[in-house]
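start-v8.txt (compact mmCIF, C-alpha atoms)
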```txt
# COMPACT_ATOMS: atom_id res chain seq x y z
CA MET A 1 -8.50 80.11 12.55
CA THR A 2 -8.31 83.86 11.88
CA LEU A 3 -4.79 85.18 12.29
CA LEU A 4 -4.28 88.27 14.44
CA TYR A 5 -2.11 90.91 12.73
CA LEU A 6 -0.66 94.08 14.25
CA GLU A 7 -3.75 95.97 13.10
CA ASP A 8 -6.01 93.59 15.04
CA VAL A 9 -4.79 94.51 18.55
CA LYS A 10 -4.95 97.81 20.38
CA ILE A 11 -3.77 99.25 23.69
CA GLY A 12 -6.08 98.23 26.52
CA ASP A 13 -7.32 94.99 24.92
CA THR A 14 -7.66 92.40 27.68
CA PHE A 15 -7.83 88.62 27.55
CA ARG A 16 -8.82 86.02 30.11
CA PHE A 17 -7.26 82.63 29.49
CA GLY A 18 -7.75 79.25 31.18
CA SER A 19 -6.81 77.95 34.62
CA HIS A 20 -4.45 75.33 36.02
CA THR A 21 -4.26 73.64 39.42
CA PHE A 22 -0.77 72.89 40.71
CA THR A 23 -0.08 69.47 42.18
CA ARG A 24 2.75 68.58 44.54
CA GLU A 25 3.98 65.98 42.04
CA GLY A 26 3.93 68.40 39.10
CA MET A 27 5.74 71.06 41.09
CA ILE A 28 8.49 68.67 42.20
CA ALA A 29 8.88 67.16 38.71
CA PHE A 30 9.34 70.60 37.14
CA ALA A 31 11.75 71.81 39.80
CA ARG A 32 13.90 68.67 39.65
CA GLN A 33 14.55 69.47 35.99
CA PHE A 34 14.79 73.25 36.03
CA ASP A 35 15.03 74.74 39.53
CA PRO A 36 16.22 72.24 42.17
CA GLN A 37 16.25 74.63 45.13
CA PRO A 38 15.35 72.77 48.36
CA PHE A 39 12.01 74.55 48.90
CA HIS A 40 10.89 73.48 45.39
CA VAL A 41 11.91 69.79 45.51
CA ASP A 42 12.11 68.63 49.14
CA GLU A 43 9.04 68.73 51.38
CA GLN A 44 10.98 68.53 54.65
CA ALA A 45 13.55 71.15 53.68
CA ALA A 46 10.70 73.37 52.46
CA ALA A 47 8.91 73.09 55.83
CA LYS A 48 12.01 74.50 57.53
CA SER A 49 12.57 77.22 54.88
CA ILE A 50 11.35 80.83 54.91
CA TYR A 51 8.31 79.61 52.93
CA GLY A 52 7.15 77.10 55.57
CA GLY A 53 6.32 74.49 52.92
CA LEU A 54 6.75 73.45 49.33
CA ILE A 55 6.25 76.21 46.72
CA ALA A 56 6.30 76.09 42.92
CA SER A 57 9.36 77.33 41.05
CA GLY A 58 8.63 80.80 39.71
CA TRP A 59 9.63 79.45 36.28
CA HIS A 60 6.95 76.77 36.60
CA THR A 61 4.33 79.43 37.31
CA ILE A 62 5.49 81.28 34.20
CA GLY A 63 5.46 78.10 32.10
CA VAL A 64 1.88 77.27 33.08
CA THR A 65 0.73 80.87 32.54
CA PHE A 66 2.41 81.01 29.17
CA ARG A 67 0.89 77.72 28.01
CA LEU A 68 -2.56 79.11 28.80
CA ALA A 69 -1.67 82.30 26.91
CA VAL A 70 -0.42 80.30 23.90
CA GLU A 71 -3.64 78.29 23.79
CA GLY A 72 -5.83 81.36 24.18
CA PHE A 73 -3.96 83.99 22.20
CA VAL A 74 -0.35 83.54 21.10
CA ASN A 75 -1.10 80.70 18.68
CA ARG A 76 -3.58 82.97 16.83
CA VAL A 77 -0.98 85.72 16.31
CA ALA A 78 0.74 86.20 12.93
CA SER A 79 3.95 85.97 14.95
CA MET A 80 7.44 86.86 13.79
CA GLY A 81 9.07 85.86 17.08
CA SER A 82 9.78 87.43 20.44
CA PRO A 83 12.90 89.39 21.36
CA GLY A 84 12.31 88.93 25.08
CA VAL A 85 10.45 89.66 28.28
CA ASP A 86 10.75 92.36 30.94
CA GLU A 87 9.62 92.96 34.50
CA VAL A 88 9.01 89.39 35.67
CA ARG A 89 7.64 89.70 39.21
CA TRP A 90 6.90 86.83 41.56
CA LEU A 91 4.45 88.37 44.00
CA LYS A 92 3.10 85.46 46.08
CA PRO A 93 4.18 81.83 46.50
CA VAL A 94 2.17 79.16 44.64
CA ARG A 95 1.50 76.09 46.81
CA PRO A 96 0.15 72.59 46.09
CA GLY A 97 -3.58 72.75 45.30
CA ASP A 98 -3.49 76.41 44.24
CA THR A 99 -5.35 77.22 41.03
CA ILE A 100 -4.07 80.05 38.88
CA THR A 101 -5.93 81.80 36.07
CA ALA A 102 -3.96 83.53 33.32
CA SER A 103 -4.81 86.85 31.70
CA GLY A 104 -3.25 89.43 29.42
CA GLU A 105 -3.49 93.15 28.66
CA VAL A 106 -2.05 94.94 25.63
CA LEU A 107 0.25 97.77 26.80
CA GLU A 108 1.76 98.99 23.53
CA VAL A 109 1.31 98.54 19.76
CA ARG A 110 4.01 100.10 17.60
CA PRO A 111 4.84 99.62 13.89
CA SER A 112 8.54 98.93 13.29
CA ALA A 113 10.43 102.01 12.12
CA SER A 114 12.82 99.95 9.99
CA LYS A 115 10.74 96.97 8.76
CA PRO A 116 7.39 97.82 7.15
CA ASP A 117 6.08 94.24 7.37
CA ARG A 118 5.91 94.05 11.18
CA GLY A 119 5.48 95.81 14.52
CA PHE A 120 6.06 95.43 18.26
CA VAL A 121 3.34 94.51 20.72
CA ARG A 122 3.90 94.53 24.49
CA VAL A 123 1.49 92.46 26.58
CA ARG A 124 1.41 92.21 30.38
CA TYR A 125 0.61 88.61 31.27
CA ALA A 126 -0.62 87.85 34.77
CA ALA A 127 -1.44 84.83 36.95
CA THR A 128 -4.09 85.22 39.67
CA ASN A 129 -4.76 82.59 42.35
CA GLN A 130 -8.09 81.24 43.67
CA HIS A 131 -8.18 84.05 46.28
CA GLY A 132 -7.99 86.72 43.56
CA GLU A 133 -4.37 87.56 44.45
CA LEU A 134 -1.84 88.30 41.71
CA VAL A 135 0.96 85.76 42.02
CA MET A 136 3.04 86.63 38.92
CA THR A 137 3.20 89.29 36.21
CA LEU A 138 5.53 89.75 33.27
CA VAL A 139 5.68 91.97 30.19
CA GLY A 140 6.22 90.06 26.97
CA MET A 141 7.35 91.59 23.68
CA GLY A 142 6.09 90.12 20.44
CA LEU A 143 6.75 90.86 16.79
CA PHE A 144 3.46 90.77 14.89
CA ALA A 145 3.20 90.74 11.11
CA ARG A 146 1.26 93.63 9.57
CA LYS A 147 -1.86 92.76 7.62
CA PRO A 148 -1.04 91.98 3.97
CA SER A 149 -2.88 94.29 1.56
CA GLY A 150 -6.14 92.65 0.58
CA ALA A 151 -6.28 90.51 3.76
CA MET B 1 28.72 73.44 52.00
CA THR B 2 29.72 77.02 52.83
CA LEU B 3 26.79 79.41 52.48
CA LEU B 4 27.29 82.58 50.46
CA TYR B 5 26.07 85.69 52.26
CA LEU B 6 25.67 89.20 50.89
CA GLU B 7 29.21 89.99 52.05
CA ASP B 8 30.61 87.09 50.02
CA VAL B 9 29.78 88.46 46.56
CA LYS B 10 30.96 91.61 44.83
CA ILE B 11 30.30 93.45 41.58
CA GLY B 12 32.19 91.85 38.72
CA ASP B 13 32.36 88.34 40.20
CA THR B 14 31.88 85.88 37.35
CA PHE B 15 30.85 82.24 37.35
CA ARG B 16 30.98 79.55 34.71
CA PHE B 17 28.43 76.78 35.21
CA GLY B 18 27.84 73.48 33.41
CA SER B 19 26.56 72.65 29.93
CA HIS B 20 23.51 70.95 28.46
CA THR B 21 22.82 69.53 25.00
CA PHE B 22 19.28 69.96 23.69
CA THR B 23 17.56 66.99 22.10
CA ARG B 24 14.61 67.09 19.73
CA GLU B 25 12.61 64.93 22.15
CA GLY B 26 13.40 67.11 25.17
CA MET B 27 12.52 70.27 23.28
CA ILE B 28 9.17 68.90 22.10
CA ALA B 29 8.31 67.47 25.55
CA PHE B 30 8.94 70.83 27.23
CA ALA B 31 7.05 72.82 24.63
CA ARG B 32 4.01 70.52 24.70
CA GLN B 33 3.63 71.35 28.38
CA PHE B 34 4.59 75.00 28.47
CA ASP B 35 4.86 76.62 25.03
CA PRO B 36 2.95 74.71 22.32
CA GLN B 37 3.69 77.09 19.44
CA PRO B 38 3.97 75.16 16.14
CA PHE B 39 7.70 75.83 15.65
CA HIS B 40 8.41 74.32 19.10
CA VAL B 41 6.28 71.15 18.86
CA ASP B 42 5.75 70.25 15.20
CA GLU B 43 8.69 69.43 12.95
CA GLN B 44 6.81 69.97 9.69
CA ALA B 45 5.19 73.23 10.76
CA ALA B 46 8.60 74.39 12.04
CA ALA B 47 10.23 73.68 8.66
CA LYS B 48 7.73 76.05 7.03
CA SER B 49 8.04 78.72 9.76
CA ILE B 50 10.33 81.76 9.84
CA TYR B 51 12.82 79.59 11.77
CA GLY B 52 13.15 76.93 9.03
CA GLY B 53 13.11 74.10 11.58
CA LEU B 54 12.36 73.14 15.15
CA ILE B 55 13.69 75.52 17.84
CA ALA B 56 13.58 75.28 21.63
CA SER B 57 11.06 77.34 23.55
CA GLY B 58 12.82 80.37 25.02
CA TRP B 59 11.44 79.29 28.40
CA HIS B 60 13.15 75.92 27.96
CA THR B 61 16.47 77.66 27.34
CA ILE B 62 15.93 79.67 30.53
CA GLY B 63 14.96 76.57 32.52
CA VAL B 64 18.10 74.70 31.48
CA THR B 65 20.30 77.73 32.14
CA PHE B 66 18.74 78.28 35.52
CA ARG B 67 19.15 74.64 36.56
CA LEU B 68 22.86 74.91 35.80
CA ALA B 69 23.01 78.15 37.81
CA VAL B 70 21.18 76.55 40.75
CA GLU B 71 23.60 73.62 40.77
CA GLY B 72 26.65 75.86 40.48
CA PHE B 73 25.69 78.89 42.56
CA VAL B 74 22.10 79.55 43.67
CA ASN B 75 21.92 76.54 45.99
CA ARG B 76 24.96 77.85 47.90
CA VAL B 77 23.36 81.25 48.52
CA ALA B 78 21.86 82.12 51.94
CA SER B 79 18.75 82.98 49.92
CA MET B 80 15.72 84.88 51.12
CA GLY B 81 13.89 84.57 47.80
CA SER B 82 13.72 86.39 44.51
CA PRO B 83 11.37 89.26 43.68
CA GLY B 84 11.81 88.76 39.94
CA VAL B 85 13.81 88.98 36.76
CA ASP B 86 14.38 91.71 34.18
CA GLU B 87 15.67 92.03 30.64
CA VAL B 88 15.14 88.51 29.35
CA ARG B 89 16.55 88.50 25.81
CA TRP B 90 16.38 85.61 23.37
CA LEU B 91 19.20 86.40 20.96
CA LYS B 92 19.57 83.28 18.78
CA PRO B 93 17.41 80.20 18.23
CA VAL B 94 18.48 76.96 20.00
CA ARG B 95 18.18 73.91 17.72
CA PRO B 96 18.35 70.15 18.32
CA GLY B 97 21.93 69.10 19.09
CA ASP B 98 22.98 72.56 20.26
CA THR B 99 24.99 72.64 23.51
CA ILE B 100 24.64 75.65 25.75
CA THR B 101 26.95 76.64 28.61
CA ALA B 102 25.61 78.80 31.42
CA SER B 103 27.45 81.62 33.15
CA GLY B 104 26.78 84.49 35.52
CA GLU B 105 28.15 87.92 36.42
CA VAL B 106 27.33 89.97 39.50
CA LEU B 107 26.03 93.42 38.45
CA GLU B 108 24.97 94.93 41.77
CA VAL B 109 25.23 94.25 45.53
CA ARG B 110 23.15 96.51 47.75
CA PRO B 111 22.19 96.18 51.44
CA SER B 112 18.47 96.66 52.04
CA ALA B 113 17.65 100.14 53.33
CA SER B 114 14.73 98.89 55.42
CA LYS B 115 15.74 95.37 56.51
CA PRO B 116 19.18 95.05 58.14
CA ASP B 117 19.29 91.24 57.78
CA ARG B 118 19.41 91.14 53.96
CA GLY B 119 20.40 92.79 50.70
CA PHE B 120 19.75 92.74 46.94
CA VAL B 121 22.04 91.10 44.43
CA ARG B 122 21.55 91.41 40.67
CA VAL B 123 23.19 88.77 38.48
CA ARG B 124 23.23 88.62 34.69
CA TYR B 125 22.86 84.99 33.67
CA ALA B 126 23.80 83.99 30.13
CA ALA B 127 23.65 80.96 27.86
CA THR B 128 26.29 80.58 25.15
CA ASN B 129 26.12 77.98 22.39
CA GLN B 130 28.85 75.69 21.01
CA HIS B 131 29.84 78.41 18.49
CA GLY B 132 30.49 80.91 21.28
CA GLU B 133 27.33 82.88 20.44
CA LEU B 134 25.14 84.29 23.21
CA VAL B 135 21.67 82.76 22.84
CA MET B 136 19.96 84.13 25.97
CA THR B 137 20.62 86.62 28.77
CA LEU B 138 18.54 87.68 31.74
CA VAL B 139 19.09 89.74 34.88
CA GLY B 140 17.94 88.00 38.06
CA MET B 141 17.35 89.70 41.40
CA GLY B 142 18.05 87.79 44.59
CA LEU B 143 17.64 88.57 48.26
CA PHE B 144 20.74 87.39 50.13
CA ALA B 145 20.94 87.15 53.92
CA ARG B 146 23.69 89.22 55.54
CA LYS B 147 26.36 87.37 57.44
CA PRO B 148 25.33 86.79 61.07
CA SER B 149 27.81 88.34 63.49
CA GLY B 150 30.41 85.77 64.41
CA ALA B 151 29.86 83.77 61.17
```

Take the structure from the file and write it as structure tokens.
Amino acid sequence: MTLLYLEDVKIGDTFRFGSHTFTREGMIAFARQFDPQPFHVDEQAAAKSIYGGLIASGWHTIGVTFRLAVEGFVNRVASMGSPGVDEVRWLKPVRPGDTITASGEVLEVRPSASKPDRGFVRVRYAATNQHGELVMTLVGMGLFARKPSGA
Amino acid sequence: MTLLYLEDVKIGDTFRFGSHTFTREGMIAFARQFDPQPFHVDEQAAAKSIYGGLIASGWHTIGVTFRLAVEGFVNRVASMGSPGVDEVRWLKPVRPGDTITASGEVLEVRPSASKPDRGFVRVRYAATNQHGELVMTLVGMGLFARKPSGA
């Protein structure tokens, strides 16, 4: 596996990752552990809610999207951690049977001013459903190692 | 259960929620599904990583914090959904055996300019470990229903 250093990514690089289909059971199992709001865990309460039926926790949508991004990209990065994430937006509900596809676009690549061995990379990750609609976007920050001399 | 409407919260309100202790098994199970980076799923790889040992996925820390917030607050809100989250910051690693306590503080309460039945509320959620150190903060946005006349 070839590691990706700061020098290996540039603004505008885009990635298409894999897909995942949400099941009712998977949605309820996630939400029982991490987001037990009625419209995520209880079919009958969800039917009477503003959503008109069960929807996935927004954190579940992020988890699935991020796993696809880890498999397709993040695990190849010479990573020195992540300080955080900005601008999480849940744009459309995700319902049982929906299939989302994950993608990413590099927004910023910036060497650290104080630490010569690393730099910041901002990537907008997105999840798109089977109708081509964006359901979630977020902007992740990563610390990437700079390429060692001779590498 | 008394529902919390927009009129029931104000800037500066603070909440202390419950606690959760992370186990090695729980951390690995979460990360295998949603964040399979080596330092989250593989003890030996983690020992050789920049973290010097297994750490929880940042998304796992958020999930646990949010569940505590749902149980202590969010499920009492007359909620009309959430457009998103900003300023997620992972400040310290969470390791096996660490106990985090969740809390919240209301940052902003603003009636919607276009929809008279609702308003925006921004809450900073935080997770603090057993040493009193902040390990994660995020700012969530919620849409709260306004109190019906006569309620």

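For the set A:Val74, A:Val121, A:Ile28, A:Ala56, the residue with the smallest atom-to-atom gap to chain B is A:Val74, counting all atoms listed in the file.
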
Can you pull out every residue within 7 Å of A:Phe22, counting only C-alpha atoms, but drop anything in the same chain fewer than 4 positions away, and send it as a ChimeraX atom specification?
/A:26-27,96-99

Which of these, A:Leu54, A:Ala31, A:Ala69, A:Val77, has the shortest distance to A:Arg146 once you count all atoms listed in the file?
A:Val77

Could you work out how far atom CA of B:Pro83 lies from atom CA of A:Leu143, giving the answer in Å with one decimal?
27.3 Å

As a PDB file with C-alpha atoms, in the frame of the given file, please: chain B after a least-squares superposition onto chain A using all C-alpha atoms matched in order.
```pdb
ATOM      1  CA  MET B   1      -8.487  80.101  12.596  1.00  0.00           C
ATOM      2  CA  THR B   2      -8.309  83.840  11.891  1.00  0.00           C
ATOM      3  CA  LEU B   3      -4.780  85.177  12.306  1.00  0.00           C
ATOM      4  CA  LEU B   4      -4.271  88.275  14.433  1.00  0.00           C
ATOM      5  CA  TYR B   5      -2.128  90.903  12.732  1.00  0.00           C
ATOM      6  CA  LEU B   6      -0.655  94.063  14.216  1.00  0.00           C
ATOM      7  CA  GLU B   7      -3.762  95.962  13.102  1.00  0.00           C
ATOM      8  CA  ASP B   8      -6.012  93.581  15.041  1.00  0.00           C
ATOM      9  CA  VAL B   9      -4.813  94.505  18.541  1.00  0.00           C
ATOM     10  CA  LYS B  10      -4.956  97.807  20.381  1.00  0.00           C
ATOM     11  CA  ILE B  11      -3.770  99.237  23.687  1.00  0.00           C
ATOM     12  CA  GLY B  12      -6.082  98.216  26.502  1.00  0.00           C
ATOM     13  CA  ASP B  13      -7.336  94.988  24.906  1.00  0.00           C
ATOM     14  CA  THR B  14      -7.668  92.408  27.670  1.00  0.00           C
ATOM     15  CA  PHE B  15      -7.831  88.630  27.543  1.00  0.00           C
ATOM     16  CA  ARG B  16      -8.813  86.030  30.092  1.00  0.00           C
ATOM     17  CA  PHE B  17      -7.257  82.619  29.486  1.00  0.00           C
ATOM     18  CA  GLY B  18      -7.742  79.242  31.172  1.00  0.00           C
ATOM     19  CA  SER B  19      -6.806  77.936  34.615  1.00  0.00           C
ATOM     20  CA  HIS B  20      -4.451  75.318  36.012  1.00  0.00           C
ATOM     21  CA  THR B  21      -4.260  73.638  39.419  1.00  0.00           C
ATOM     22  CA  PHE B  22      -0.771  72.892  40.724  1.00  0.00           C
ATOM     23  CA  THR B  23      -0.078  69.481  42.204  1.00  0.00           C
ATOM     24  CA  ARG B  24       2.741  68.572  44.561  1.00  0.00           C
ATOM     25  CA  GLU B  25       3.976  65.976  42.060  1.00  0.00           C
ATOM     26  CA  GLY B  26       3.926  68.393  39.118  1.00  0.00           C
ATOM     27  CA  MET B  27       5.742  71.053  41.108  1.00  0.00           C
ATOM     28  CA  ILE B  28       8.487  68.663  42.224  1.00  0.00           C
ATOM     29  CA  ALA B  29       8.875  67.151  38.724  1.00  0.00           C
ATOM     30  CA  PHE B  30       9.339  70.593  37.161  1.00  0.00           C
ATOM     31  CA  ALA B  31      11.744  71.802  39.816  1.00  0.00           C
ATOM     32  CA  ARG B  32      13.909  68.669  39.653  1.00  0.00           C
ATOM     33  CA  GLN B  33      14.551  69.460  36.001  1.00  0.00           C
ATOM     34  CA  PHE B  34      14.784  73.228  36.038  1.00  0.00           C
ATOM     35  CA  ASP B  35      15.017  74.735  39.532  1.00  0.00           C
ATOM     36  CA  PRO B  36      16.217  72.233  42.167  1.00  0.00           C
ATOM     37  CA  GLN B  37      16.244  74.627  45.128  1.00  0.00           C
ATOM     38  CA  PRO B  38      15.355  72.773  48.363  1.00  0.00           C
ATOM     39  CA  PHE B  39      12.021  74.563  48.895  1.00  0.00           C
ATOM     40  CA  HIS B  40      10.892  73.468  45.400  1.00  0.00           C
ATOM     41  CA  VAL B  41      11.919  69.783  45.523  1.00  0.00           C
ATOM     42  CA  ASP B  42      12.120  68.641  49.148  1.00  0.00           C
ATOM     43  CA  GLU B  43       9.059  68.709  51.384  1.00  0.00           C
ATOM     44  CA  GLN B  44      10.995  68.523  54.651  1.00  0.00           C
ATOM     45  CA  ALA B  45      13.562  71.145  53.682  1.00  0.00           C
ATOM     46  CA  ALA B  46      10.694  73.358  52.459  1.00  0.00           C
ATOM     47  CA  ALA B  47       8.905  73.082  55.822  1.00  0.00           C
ATOM     48  CA  LYS B  48      12.013  74.493  57.518  1.00  0.00           C
ATOM     49  CA  SER B  49      12.571  77.215  54.880  1.00  0.00           C
ATOM     50  CA  ILE B  50      11.351  80.821  54.914  1.00  0.00           C
ATOM     51  CA  TYR B  51       8.317  79.607  52.925  1.00  0.00           C
ATOM     52  CA  GLY B  52       7.154  77.094  55.576  1.00  0.00           C
ATOM     53  CA  GLY B  53       6.319  74.481  52.933  1.00  0.00           C
ATOM     54  CA  LEU B  54       6.749  73.455  49.329  1.00  0.00           C
ATOM     55  CA  ILE B  55       6.248  76.220  46.727  1.00  0.00           C
ATOM     56  CA  ALA B  56       6.298  76.084  42.931  1.00  0.00           C
ATOM     57  CA  SER B  57       9.347  77.313  41.068  1.00  0.00           C
ATOM     58  CA  GLY B  58       8.635  80.790  39.709  1.00  0.00           C
ATOM     59  CA  TRP B  59       9.625  79.445  36.288  1.00  0.00           C
ATOM     60  CA  HIS B  60       6.942  76.768  36.624  1.00  0.00           C
ATOM     61  CA  THR B  61       4.332  79.440  37.319  1.00  0.00           C
ATOM     62  CA  ILE B  62       5.492  81.285  34.195  1.00  0.00           C
ATOM     63  CA  GLY B  63       5.452  78.105  32.097  1.00  0.00           C
ATOM     64  CA  VAL B  64       1.879  77.281  33.091  1.00  0.00           C
ATOM     65  CA  THR B  65       0.744  80.868  32.544  1.00  0.00           C
ATOM     66  CA  PHE B  66       2.416  81.014  29.176  1.00  0.00           C
ATOM     67  CA  ARG B  67       0.891  77.723  28.017  1.00  0.00           C
ATOM     68  CA  LEU B  68      -2.551  79.117  28.805  1.00  0.00           C
ATOM     69  CA  ALA B  69      -1.667  82.306  26.905  1.00  0.00           C
ATOM     70  CA  VAL B  70      -0.414  80.312  23.904  1.00  0.00           C
ATOM     71  CA  GLU B  71      -3.631  78.291  23.798  1.00  0.00           C
ATOM     72  CA  GLY B  72      -5.826  81.363  24.179  1.00  0.00           C
ATOM     73  CA  PHE B  73      -3.953  84.007  22.197  1.00  0.00           C
ATOM     74  CA  VAL B  74      -0.331  83.545  21.091  1.00  0.00           C
ATOM     75  CA  ASN B  75      -1.091  80.709  18.670  1.00  0.00           C
ATOM     76  CA  ARG B  76      -3.556  82.970  16.821  1.00  0.00           C
ATOM     77  CA  VAL B  77      -0.968  85.715  16.307  1.00  0.00           C
ATOM     78  CA  ALA B  78       0.749  86.185  12.910  1.00  0.00           C
ATOM     79  CA  SER B  79       3.960  85.958  14.942  1.00  0.00           C
ATOM     80  CA  MET B  80       7.440  86.851  13.790  1.00  0.00           C
ATOM     81  CA  GLY B  81       9.062  85.872  17.088  1.00  0.00           C
ATOM     82  CA  SER B  82       9.776  87.436  20.436  1.00  0.00           C
ATOM     83  CA  PRO B  83      12.903  89.395  21.350  1.00  0.00           C
ATOM     84  CA  GLY B  84      12.307  88.933  25.073  1.00  0.00           C
ATOM     85  CA  VAL B  85      10.460  89.663  28.269  1.00  0.00           C
ATOM     86  CA  ASP B  86      10.760  92.346  30.942  1.00  0.00           C
ATOM     87  CA  GLU B  87       9.616  92.936  34.497  1.00  0.00           C
ATOM     88  CA  VAL B  88       9.008  89.386  35.666  1.00  0.00           C
ATOM     89  CA  ARG B  89       7.647  89.701  39.211  1.00  0.00           C
ATOM     90  CA  TRP B  90       6.888  86.823  41.552  1.00  0.00           C
ATOM     91  CA  LEU B  91       4.445  88.377  44.002  1.00  0.00           C
ATOM     92  CA  LYS B  92       3.103  85.459  46.078  1.00  0.00           C
ATOM     93  CA  PRO B  93       4.185  81.841  46.513  1.00  0.00           C
ATOM     94  CA  VAL B  94       2.163  79.161  44.642  1.00  0.00           C
ATOM     95  CA  ARG B  95       1.479  76.096  46.817  1.00  0.00           C
ATOM     96  CA  PRO B  96       0.142  72.601  46.092  1.00  0.00           C
ATOM     97  CA  GLY B  97      -3.583  72.753  45.306  1.00  0.00           C
ATOM     98  CA  ASP B  98      -3.488  76.405  44.258  1.00  0.00           C
ATOM     99  CA  THR B  99      -5.354  77.220  41.023  1.00  0.00           C
ATOM    100  CA  ILE B 100      -4.065  80.042  38.883  1.00  0.00           C
ATOM    101  CA  THR B 101      -5.932  81.801  36.070  1.00  0.00           C
ATOM    102  CA  ALA B 102      -3.967  83.524  33.327  1.00  0.00           C
ATOM    103  CA  SER B 103      -4.820  86.835  31.702  1.00  0.00           C
ATOM    104  CA  GLY B 104      -3.271  89.428  29.426  1.00  0.00           C
ATOM    105  CA  GLU B 105      -3.491  93.143  28.648  1.00  0.00           C
ATOM    106  CA  VAL B 106      -2.053  94.934  25.634  1.00  0.00           C
ATOM    107  CA  LEU B 107       0.258  97.765  26.792  1.00  0.00           C
ATOM    108  CA  GLU B 108       1.756  98.976  23.519  1.00  0.00           C
ATOM    109  CA  VAL B 109       1.317  98.538  19.740  1.00  0.00           C
ATOM    110  CA  ARG B 110       4.013 100.105  17.586  1.00  0.00           C
ATOM    111  CA  PRO B 111       4.842  99.614  13.882  1.00  0.00           C
ATOM    112  CA  SER B 112       8.528  98.923  13.279  1.00  0.00           C
ATOM    113  CA  ALA B 113      10.405 102.011  12.102  1.00  0.00           C
ATOM    114  CA  SER B 114      12.797  99.979   9.956  1.00  0.00           C
ATOM    115  CA  LYS B 115      10.740  96.992   8.754  1.00  0.00           C
ATOM    116  CA  PRO B 116       7.382  97.821   7.132  1.00  0.00           C
ATOM    117  CA  ASP B 117       6.081  94.228   7.365  1.00  0.00           C
ATOM    118  CA  ARG B 118       5.915  94.043  11.180  1.00  0.00           C
ATOM    119  CA  GLY B 119       5.474  95.811  14.499  1.00  0.00           C
ATOM    120  CA  PHE B 120       6.055  95.434  18.252  1.00  0.00           C
ATOM    121  CA  VAL B 121       3.352  94.512  20.717  1.00  0.00           C
ATOM    122  CA  ARG B 122       3.894  94.527  24.483  1.00  0.00           C
ATOM    123  CA  VAL B 123       1.497  92.463  26.592  1.00  0.00           C
ATOM    124  CA  ARG B 124       1.391  92.206  30.375  1.00  0.00           C
ATOM    125  CA  TYR B 125       0.598  88.611  31.271  1.00  0.00           C
ATOM    126  CA  ALA B 126      -0.628  87.839  34.780  1.00  0.00           C
ATOM    127  CA  ALA B 127      -1.448  84.841  36.947  1.00  0.00           C
ATOM    128  CA  THR B 128      -4.089  85.217  39.656  1.00  0.00           C
ATOM    129  CA  ASN B 129      -4.758  82.605  42.327  1.00  0.00           C
ATOM    130  CA  GLN B 130      -8.076  81.241  43.644  1.00  0.00           C
ATOM    131  CA  HIS B 131      -8.177  84.049  46.259  1.00  0.00           C
ATOM    132  CA  GLY B 132      -7.995  86.718  43.557  1.00  0.00           C
ATOM    133  CA  GLU B 133      -4.382  87.569  44.446  1.00  0.00           C
ATOM    134  CA  LEU B 134      -1.845  88.313  41.713  1.00  0.00           C
ATOM    135  CA  VAL B 135       0.969  85.760  42.014  1.00  0.00           C
ATOM    136  CA  MET B 136       3.039  86.629  38.923  1.00  0.00           C
ATOM    137  CA  THR B 137       3.209  89.292  36.211  1.00  0.00           C
ATOM    138  CA  LEU B 138       5.533  89.745  33.267  1.00  0.00           C
ATOM    139  CA  VAL B 139       5.674  91.977  30.201  1.00  0.00           C
ATOM    140  CA  GLY B 140       6.238  90.071  26.959  1.00  0.00           C
ATOM    141  CA  MET B 141       7.350  91.611  23.674  1.00  0.00           C
ATOM    142  CA  GLY B 142       6.104  90.125  20.426  1.00  0.00           C
ATOM    143  CA  LEU B 143       6.758  90.859  16.782  1.00  0.00           C
ATOM    144  CA  PHE B 144       3.455  90.774  14.890  1.00  0.00           C
ATOM    145  CA  ALA B 145       3.210  90.736  11.095  1.00  0.00           C
ATOM    146  CA  ARG B 146       1.257  93.616   9.559  1.00  0.00           C
ATOM    147  CA  LYS B 147      -1.848  92.762   7.613  1.00  0.00           C
ATOM    148  CA  PRO B 148      -1.031  92.010   3.960  1.00  0.00           C
ATOM    149  CA  SER B 149      -2.887  94.339   1.606  1.00  0.00           C
ATOM    150  CA  GLY B 150      -6.156  92.746   0.614  1.00  0.00           C
ATOM    151  CA  ALA B 151      -6.279  90.568   3.783  1.00  0.00           C
TER     152      ALA B 151
END
```

Counting all atoms listed in the file, which of B:Tyr51, B:Tyr125, B:Phe73, B:Phe34 gets nearest to chain A?
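For chain A, the nearest of the given residues is B:Phe34.
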
One-decimal distance in Å that lies between atom CA of A:Ala46 and atom CA of A:Gly132
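That distance, rounded to one decimal, is 24.6 Å.
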
Pull the closest atom pair for each residue of chain A that gets at most 8 Å from chain B, along with the distance in Å to one decimal, counting only C-alpha atoms, ordering rows by chain and then ascending residue number, as CSV.
```
residue,atom,partner,partner_atom,distance
A:Gln33,CA,B:Arg67,CA,6.9
A:Phe34,CA,B:Arg67,CA,4.6
A:Asp35,CA,B:Arg67,CA,5.1
A:Pro36,CA,B:Val70,CA,6.7
A:Gln37,CA,B:Asn75,CA,6.0
A:Pro38,CA,B:Asn75,CA,7.9
A:Ile50,CA,B:Met80,CA,7.1
A:Trp59,CA,B:Gly63,CA,7.1
A:Gly63,CA,B:Phe34,CA,4.9
A:Val64,CA,B:Phe34,CA,5.8
A:Phe66,CA,B:Phe34,CA,6.4
A:Arg67,CA,B:Phe34,CA,4.6
A:Val70,CA,B:Asp35,CA,6.5
A:Glu71,CA,B:Pro36,CA,7.6
A:Val74,CA,B:Gln37,CA,7.8
A:Asn75,CA,B:Gln37,CA,6.0
A:Met80,CA,B:Ile50,CA,7.1
A:Ser82,CA,B:Trp90,CA,7.4
A:Pro83,CA,B:Trp90,CA,5.5
A:Gly84,CA,B:Arg89,CA,4.3
A:Val85,CA,B:Val88,CA,4.9
A:Asp86,CA,B:Asp86,CA,4.9
A:Glu87,CA,B:Asp86,CA,4.9
A:Val88,CA,B:Val85,CA,4.9
A:Arg89,CA,B:Gly84,CA,4.3
A:Trp90,CA,B:Pro83,CA,5.5
A:Leu91,CA,B:Pro83,CA,7.0
```
